[in-house]
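Asker: Next comes query_30.txt, compact mmCIF, C-alpha atoms and all ligand atoms:
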```
# COMPACT_ATOMS: atom_id res chain seq x y z
CA MET A 1389 82.52 46.82 110.15
CA LYS A 1390 81.79 43.85 107.98
CA LEU A 1391 79.17 45.86 106.17
CA LYS A 1392 81.64 48.68 105.41
CA ARG A 1393 84.13 46.24 103.95
CA TYR A 1394 81.39 44.65 101.94
CA ILE A 1395 80.36 48.02 100.48
CA ILE A 1396 83.95 48.96 99.55
CA PHE A 1397 84.55 45.57 97.96
CA SER A 1398 81.39 45.68 95.92
CA ALA A 1399 82.11 49.26 94.79
CA ILE A 1400 85.53 48.21 93.49
CA ALA A 1401 84.03 45.15 91.83
CA MET A 1402 81.37 47.25 90.14
CA SER A 1403 83.84 49.83 88.83
CA MET A 1404 86.08 47.11 87.42
CA TYR A 1405 83.12 45.46 85.84
CA ALA A 1406 82.32 48.78 84.13
CA CYS A 1407 85.91 49.13 82.87
CA GLN A 1408 85.78 45.84 81.06
CA ARG A 1409 83.06 46.88 78.65
CA GLY A 1410 83.68 48.19 75.17
CA PRO A 1411 83.61 51.98 74.58
CA ASN A 1412 80.26 51.75 72.81
CA ASP A 1413 78.58 50.00 75.66
CA PRO A 1414 77.07 52.26 78.30
CA GLY A 1415 77.46 49.51 80.89
CA THR A 1416 74.86 49.07 83.56
CA GLU A 1417 72.50 51.99 83.42
CA TYR A 1418 71.12 53.36 86.62
CA ALA A 1419 67.53 54.60 86.32
CA PRO A 1420 67.67 54.88 82.49
CA ASN A 1421 64.45 56.80 82.19
CA MET A 1422 66.23 59.76 83.78
CA TYR A 1423 68.12 60.26 80.50
CA VAL A 1424 66.16 58.24 77.97
CA SER A 1425 62.82 59.86 77.44
CA VAL A 1426 59.76 57.78 78.07
CA ALA A 1427 57.95 59.68 75.34
CA TYR A 1428 58.60 58.79 71.72
CA GLU A 1429 61.77 60.41 70.39
CA PRO A 1430 62.68 60.46 66.71
CA TYR A 1431 65.91 58.51 67.01
CA SER A 1432 66.09 56.76 70.37
CA MET A 1433 64.57 53.36 70.32
CA VAL A 1434 64.44 52.07 73.86
CA LYS A 1435 63.67 48.42 74.06
CA ASP A 1436 60.43 48.78 75.99
CA SER A 1437 59.05 51.62 73.89
CA ILE A 1438 59.82 50.34 70.38
CA ASN A 1439 57.30 51.73 67.97
CA LYS A 1440 55.06 48.86 67.04
CA ILE A 1441 53.40 50.59 64.10
CA ASN A 1442 56.33 51.79 61.99
CA PRO A 1443 58.77 49.52 60.18
CA TYR A 1444 62.01 48.71 62.07
CA GLY A 1445 60.45 50.06 65.27
CA ILE A 1446 61.54 53.62 64.47
CA ASN A 1447 59.53 56.71 65.25
CA LEU A 1448 60.66 58.83 62.32
CA ARG A 1449 59.17 57.81 59.02
CA GLU A 1450 60.66 58.20 55.60
CA PRO A 1451 59.28 61.15 53.59
CA ALA A 1452 56.21 60.28 51.54
CA GLN A 1453 56.94 58.84 48.12
CA GLY A 1454 57.32 61.53 45.50
CA THR A 1455 58.50 64.17 48.00
CA VAL A 1456 60.54 66.81 46.19
CA ALA A 1457 63.89 67.33 47.87
CA ARG A 1458 64.99 70.85 48.66
CA ARG A 1459 68.49 69.59 47.89
CA ASN A 1460 70.80 72.14 49.42
CA TYR A 1461 70.22 75.50 50.93
CA LYS A 1462 73.12 76.91 49.03
CA THR A 1463 72.09 78.77 45.95
CA THR A 1464 74.25 76.93 43.48
CA TYR A 1465 72.44 74.29 41.50
CA LYS A 1466 73.82 71.51 39.43
CA ASP A 1467 72.01 70.58 36.26
CA GLU A 1468 72.04 66.81 36.29
CA THR A 1469 71.71 66.45 32.54
CA THR A 1470 74.61 68.71 31.58
CA GLY A 1471 76.61 68.64 34.83
CA GLU A 1472 76.85 72.44 34.76
CA GLU A 1473 76.59 74.46 37.96
CA TYR A 1474 74.63 77.65 38.21
CA ASP A 1475 74.75 80.32 40.86
CA LEU A 1476 71.17 81.37 41.34
CA GLY A 1477 71.96 84.11 43.82
CA LEU A 1478 70.66 84.44 47.34
CA MET A 1479 67.54 86.28 46.23
CA VAL A 1480 65.93 83.04 45.14
CA TYR A 1481 64.84 82.21 48.67
CA ARG A 1482 64.53 85.71 50.00
CA THR A 1483 61.81 87.19 47.88
CA HIS A 1484 58.70 87.83 49.87
CA PRO A 1485 55.38 86.84 48.26
CA ASP A 1486 54.45 90.54 48.20
CA SER A 1487 57.58 91.64 46.36
CA LEU A 1488 56.75 90.76 42.77
CA GLU A 1489 58.07 94.07 41.50
CA GLN A 1490 61.37 93.63 43.31
CA ALA A 1491 61.70 90.07 41.99
CA ALA A 1492 61.06 91.27 38.44
CA LYS A 1493 63.90 93.77 38.82
CA THR A 1494 66.46 91.58 40.57
CA LEU A 1495 65.96 87.93 39.58
CA LYS A 1496 67.78 86.99 36.42
CA ASN A 1497 67.54 83.72 34.57
CA PRO A 1498 70.94 82.06 35.09
CA LEU A 1499 70.35 79.68 32.18
CA LYS A 1500 71.49 80.32 28.67
CA ILE A 1501 68.31 79.55 26.76
CA THR A 1502 69.15 76.78 24.34
CA LYS A 1503 67.03 74.26 22.44
CA GLN A 1504 67.84 71.75 25.17
CA VAL A 1505 66.65 74.10 27.95
CA LEU A 1506 63.48 74.84 25.99
CA ALA A 1507 62.82 71.14 25.46
CA GLU A 1508 63.16 70.47 29.19
CA GLY A 1509 61.11 73.55 30.01
CA LYS A 1510 58.36 72.30 27.73
CA VAL A 1511 58.12 68.98 29.56
CA LEU A 1512 57.97 70.76 32.91
CA TYR A 1513 55.41 73.22 31.58
CA GLU A 1514 53.30 70.28 30.46
CA TYR A 1515 53.49 68.79 33.96
CA TYR A 1516 52.76 71.87 35.97
CA CYS A 1517 51.13 74.58 33.88
CA GLN A 1518 49.51 73.30 30.72
CA HIS A 1519 46.29 72.00 32.28
CA CYS A 1520 45.46 75.57 33.26
CA HIS A 1521 47.38 77.76 30.84
CA GLY A 1522 46.95 75.56 27.75
CA ALA A 1523 49.52 74.20 25.31
CA GLU A 1524 50.07 77.62 23.76
CA GLY A 1525 49.75 79.54 27.01
CA LYS A 1526 46.45 81.09 26.04
CA GLY A 1527 44.77 80.21 29.33
CA ASP A 1528 42.56 77.63 27.69
CA GLY A 1529 43.77 74.39 29.34
CA LYS A 1530 41.14 71.83 30.29
CA VAL A 1531 41.38 72.69 33.99
CA GLY A 1532 41.71 76.36 33.16
CA GLN A 1533 38.36 76.34 31.40
CA LYS A 1534 36.64 75.22 34.63
CA TYR A 1535 38.92 77.12 36.99
CA GLY A 1536 38.33 80.40 35.26
CA GLY A 1537 40.30 83.62 35.16
CA VAL A 1538 43.49 81.95 33.93
CA ALA A 1539 45.93 84.44 32.46
CA ASN A 1540 46.85 84.36 28.78
CA LEU A 1541 50.64 84.16 28.74
CA ALA A 1542 50.84 84.71 25.00
CA GLY A 1543 49.15 88.07 24.76
CA GLY A 1544 48.51 91.43 26.38
CA GLN A 1545 50.65 92.75 29.22
CA ILE A 1546 51.67 89.30 30.44
CA ALA A 1547 53.41 88.52 27.14
CA LYS A 1548 55.78 91.37 28.05
CA VAL A 1549 56.71 90.38 31.60
CA ASN A 1550 60.29 89.29 32.23
CA GLY A 1551 61.83 86.13 33.67
CA GLY A 1552 62.07 87.39 37.25
CA HIS A 1553 58.36 88.18 37.19
CA ILE A 1554 57.41 84.71 35.94
CA PHE A 1555 59.82 83.05 38.39
CA HIS A 1556 58.16 84.89 41.25
CA VAL A 1557 54.65 83.95 40.07
CA ILE A 1558 55.66 80.27 39.84
CA THR A 1559 57.25 80.41 43.30
CA HIS A 1560 54.59 82.32 45.21
CA GLY A 1561 51.54 82.29 42.95
CA LYS A 1562 49.52 85.39 42.22
CA GLY A 1563 45.85 86.20 42.69
CA ARG A 1564 43.92 83.08 41.82
CA MET A 1565 47.04 81.11 40.93
CA TRP A 1566 48.49 78.98 43.72
CA PRO A 1567 52.21 78.87 44.58
CA HIS A 1568 54.32 76.09 43.06
CA GLY A 1569 57.57 76.79 44.95
CA SER A 1570 57.35 73.65 47.06
CA GLN A 1571 56.93 71.39 44.05
CA ILE A 1572 59.30 72.81 41.48
CA ASN A 1573 62.94 73.47 42.38
CA PRO A 1574 64.56 76.76 41.30
CA LEU A 1575 66.45 75.29 38.36
CA GLU A 1576 63.27 73.71 37.01
CA ARG A 1577 61.45 76.98 37.53
CA TRP A 1578 64.01 78.76 35.36
CA LYS A 1579 63.58 76.12 32.66
CA ILE A 1580 59.82 76.73 32.72
CA VAL A 1581 60.44 80.48 32.63
CA SER A 1582 62.58 79.98 29.52
CA TYR A 1583 59.82 78.01 27.84
CA VAL A 1584 57.18 80.58 28.80
CA HIS A 1585 59.28 83.20 26.99
CA LEU A 1586 58.76 81.12 23.85
CA LEU A 1587 54.99 81.10 24.42
CA GLN A 1588 55.08 84.82 25.06
CA GLY A 1589 56.75 85.29 21.70
CA GLN A 1590 59.79 86.93 23.31
CA ILE A 1591 62.22 84.37 21.87
CA ASP A 1592 62.33 82.02 18.90
CA ALA A 1593 62.63 78.21 19.00
CA ASP A 1594 66.42 78.51 19.19
CA GLY A 1595 66.25 80.80 22.20
CA ASN A 1596 67.22 83.98 20.36
CA PRO A 1597 65.37 87.12 21.43
CA ILE A 1598 62.74 88.41 19.02
CA VAL A 1599 62.99 92.15 18.86
CA LYS A 1600 59.60 93.61 18.15
CA GLU A 1601 58.91 96.98 16.65
CA GLU A 1602 56.48 97.58 19.46
CA LYS A 1603 57.99 100.52 21.20
CA LYS A 1604 56.73 103.09 18.74
CA GLU A 1605 53.22 101.62 18.76
CA GLU A 1606 53.17 101.62 22.56
CA LYS A 1607 54.08 105.28 22.66
CA LYS A 1608 51.34 106.12 20.20
CA GLU A 1609 48.80 104.25 22.34
CA GLU A 1610 49.96 106.06 25.43
CA THR A 1611 49.55 109.46 23.86
CA LYS A 1612 46.07 108.52 22.66
CA LYS A 1613 45.03 107.79 26.23
C1 LIG A 1701 45.29 75.85 38.73
C2 LIG A 1701 45.53 76.57 37.52
C3 LIG A 1701 46.90 77.14 37.26
C4 LIG A 1701 48.10 76.48 37.16
C5 LIG A 1701 48.39 75.01 37.38
C6 LIG A 1701 49.07 77.48 36.81
N1 LIG A 1701 48.49 78.72 36.72
FE1 LIG A 1701 49.41 80.43 36.20
N2 LIG A 1701 47.69 81.46 36.51
C7 LIG A 1701 46.47 80.89 36.86
C8 LIG A 1701 45.50 81.94 37.08
C9 LIG A 1701 44.04 81.72 37.49
C10 LIG A 1701 46.16 83.16 36.83
C11 LIG A 1701 45.60 84.56 36.96
C12 LIG A 1701 46.00 85.06 38.34
C13 LIG A 1701 45.27 86.31 38.75
O1 LIG A 1701 45.67 87.38 38.29
O2 LIG A 1701 44.36 86.18 39.55
C14 LIG A 1701 47.53 82.82 36.47
C15 LIG A 1701 48.50 83.75 36.14
C16 LIG A 1701 49.77 83.44 35.70
C17 LIG A 1701 50.74 84.41 35.22
C18 LIG A 1701 50.54 85.91 35.10
C19 LIG A 1701 50.79 86.59 36.39
C20 LIG A 1701 50.57 88.08 36.29
O3 LIG A 1701 51.55 88.79 36.33
O4 LIG A 1701 49.41 88.50 36.21
C21 LIG A 1701 51.85 83.72 34.87
C22 LIG A 1701 53.15 84.29 34.32
C23 LIG A 1701 51.58 82.32 35.13
N3 LIG A 1701 50.32 82.19 35.63
C24 LIG A 1701 52.48 81.29 34.91
C25 LIG A 1701 52.25 79.98 35.27
C26 LIG A 1701 53.23 78.93 35.14
C27 LIG A 1701 54.60 79.12 34.53
C28 LIG A 1701 52.66 77.79 35.62
C29 LIG A 1701 53.29 76.43 35.76
C30 LIG A 1701 54.39 76.35 36.67
C31 LIG A 1701 51.31 78.12 36.06
N4 LIG A 1701 51.10 79.45 35.83
C32 LIG A 1701 50.42 77.21 36.57
C33 LIG A 1701 46.22 79.54 37.01
C34 LIG A 1701 47.16 78.55 37.00
```
Now, as a test, write the supplied structure out as structure tokens.
Answerer:
Amino acid sequence: MKLKRYIIFSAIAMSMYACQRGPNDPGTEYAPNMYVSVAYEPYSMVKDSINKINPYGINLREPAQGTVARRNYKTTYKDETTGEEYDLGLMVYRTHPDSLEQAAKTLKNPLKITKQVLAEGKVLYEYYCQHCHGAEGKGDGKVGQKYGGVANLAGGQIAKVNGGHIFHVITHGKGRMWPHGSQINPLERWKIVSYVHLLQGQIDADGNPIVKEEKKEEKKEETKK
């Protein structure tokens, strides 16, 4: 009977002991490896399995330096320089790499092309495109010369393609050109698109459309064929 009393007493003592602890303290843990994984987990740092390689003993590491944030998965983007918000539409993330034609029809540049947008687009173009496509978009960049087959953005059929088309090509690549969607966020892509329009000769340096008397010539060519 002594044993029974002893068990009851110690059970009460243990439960009271548990009650004394703060709400953030789990108290005495029974067999902790039943609920704390022995394997490395991203966030749980159990004393005995602290990661000895990473700083602060954590298992998750910070993203590599220079990683481009996806920001939000909403389709509104805030331009940090002007503070303006743009609704880029859900299509931005939904276009399939194979749907260039659809993108050309549905994706519209949400930016009003101003001198400022063109200036920013130029810088981005210099970062991401110029080494292949050349300063004037003629496909004669230093890398382009070695790479070969780089499209001339300033002439032929490509000078006529619209913003949605270019946006899609930047995002998903085309033929020998690799995709840039993971490196350049949508707003930056639209700035580049705006600048490419200048190289294509579709707009002037102020962003105003240049209307060409091309339609008649095109028709003539078509009838010749
Ligand atoms: C590594 C070199 C390289 C880089 C960098 C590059 N391109 Fe290209 N680009 C190419 C090549 C090669 C083609 C021809 C693709 C094909 O038809 O095979 C091309 C084609 C294109 C086309 C025409 C697509 C069509 O409809 O035929 C556009 C527009 C274009 N690039 C825009 C850009 C823009 C804007 C950038 C910068 C964000 C860029 N490119 C960066 C190599 C590059």
Asker: Using all atoms listed in the file, pick whichever of A:Glu1524, A:His1519, A:Gln1588, A:Ala1492 has the shortest atom-to-atom distance to Phe1555 (chain A).
Answerer: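 Residue with the minimum atom-to-atom distance to Phe1555 (chain A): A:Ala1492.
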Asker: Taking into account only C-alpha atoms and all ligand atoms, which residue in the set A:Cys1517, A:Ile1501, A:Leu1506, A:Ala1401 is nearest to ligand LIG 1701 (chain A)?
Answerer: A:Cys1517
Asker: Hey, which residues sit close to ligand LIG 1701 (chain A)? Say within 8 Å, counting all atoms listed in the file, and write them as a VMD selection string.
Answerer: chain A and resid 1512 to 1513 1515 to 1521 1527 1531 to 1532 1535 to 1541 1546 1549 1553 to 1555 1557 to 1558 1561 to 1566 1568 1572 1577 1580 to 1581 1584
Asker: Report, in Å to a single decimal, how far apart CA of Gly1544 (chain A) and CA of Gly1589 (chain A) are.
Answerer: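 Rounded to one decimal, the two atoms are 11.3 Å apart.
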Asker: When you look at Leu1586 (chain A) with a cut-off of 12 Å (counting only C-alpha atoms), what residues show up, excluding the ones that are within fewer than 3 positions of it in the same chain? I need them as a PDB file with C-alpha atoms, keeping the file's coordinate frame.
Answerer:
```pdb
ATOM      1  CA  ILE A1501      68.310  79.550  26.760  1.00  0.00           C
ATOM      2  CA  THR A1502      69.150  76.780  24.340  1.00  0.00           C
ATOM      3  CA  LYS A1503      67.030  74.260  22.440  1.00  0.00           C
ATOM      4  CA  VAL A1505      66.650  74.100  27.950  1.00  0.00           C
ATOM      5  CA  LEU A1506      63.480  74.840  25.990  1.00  0.00           C
ATOM      6  CA  ALA A1507      62.820  71.140  25.460  1.00  0.00           C
ATOM      7  CA  GLY A1509      61.110  73.550  30.010  1.00  0.00           C
ATOM      8  CA  LYS A1510      58.360  72.300  27.730  1.00  0.00           C
ATOM      9  CA  TYR A1513      55.410  73.220  31.580  1.00  0.00           C
ATOM     10  CA  ALA A1523      49.520  74.200  25.310  1.00  0.00           C
ATOM     11  CA  GLU A1524      50.070  77.620  23.760  1.00  0.00           C
ATOM     12  CA  GLY A1525      49.750  79.540  27.010  1.00  0.00           C
ATOM     13  CA  LEU A1541      50.640  84.160  28.740  1.00  0.00           C
ATOM     14  CA  ALA A1542      50.840  84.710  25.000  1.00  0.00           C
ATOM     15  CA  GLY A1543      49.150  88.070  24.760  1.00  0.00           C
ATOM     16  CA  ALA A1547      53.410  88.520  27.140  1.00  0.00           C
ATOM     17  CA  LYS A1548      55.780  91.370  28.050  1.00  0.00           C
ATOM     18  CA  ASN A1550      60.290  89.290  32.230  1.00  0.00           C
ATOM     19  CA  GLY A1551      61.830  86.130  33.670  1.00  0.00           C
ATOM     20  CA  LYS A1579      63.580  76.120  32.660  1.00  0.00           C
ATOM     21  CA  ILE A1580      59.820  76.730  32.720  1.00  0.00           C
ATOM     22  CA  VAL A1581      60.440  80.480  32.630  1.00  0.00           C
ATOM     23  CA  SER A1582      62.580  79.980  29.520  1.00  0.00           C
ATOM     24  CA  TYR A1583      59.820  78.010  27.840  1.00  0.00           C
ATOM     25  CA  GLY A1589      56.750  85.290  21.700  1.00  0.00           C
ATOM     26  CA  GLN A1590      59.790  86.930  23.310  1.00  0.00           C
ATOM     27  CA  ILE A1591      62.220  84.370  21.870  1.00  0.00           C
ATOM     28  CA  ASP A1592      62.330  82.020  18.900  1.00  0.00           C
ATOM     29  CA  ALA A1593      62.630  78.210  19.000  1.00  0.00           C
ATOM     30  CA  ASP A1594      66.420  78.510  19.190  1.00  0.00           C
ATOM     31  CA  GLY A1595      66.250  80.800  22.200  1.00  0.00           C
ATOM     32  CA  ASN A1596      67.220  83.980  20.360  1.00  0.00           C
ATOM     33  CA  PRO A1597      65.370  87.120  21.430  1.00  0.00           C
ATOM     34  CA  ILE A1598      62.740  88.410  19.020  1.00  0.00           C
TER      35      ILE A1598
END
```
Asker: For a test of reading the model, state the distance in Å between CA of Val1511 (chain A) and CA of Thr1494 (chain A), rounded to one decimal.
Answerer: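 CA of Thr1494 (chain A) lies 26.5 Å from CA of Val1511 (chain A).
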Asker: Rank nothing, just name the residue among A:Ala1452, A:Pro1498, A:Gly1552, A:Asn1439 nearest to Glu1473 (chain A), using all atoms listed in the file.
Answerer: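 Selected residue with least distance to Glu1473 (chain A): A:Pro1498.
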Asker: Measure the distance from CA of Lys1493 (chain A) to CA of Gly1569 (chain A) in Å and round it to one decimal.
Answerer: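 Separation of CA of Lys1493 (chain A) and CA of Gly1569 (chain A): 19.1 Å.
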Asker: Quick one: of A:Gly1410, A:Gly1529, A:Tyr1423, A:Gly1454, who's nearest to Glu1514 (chain A), counting all atoms listed in the file?
Answerer: A:Gly1529
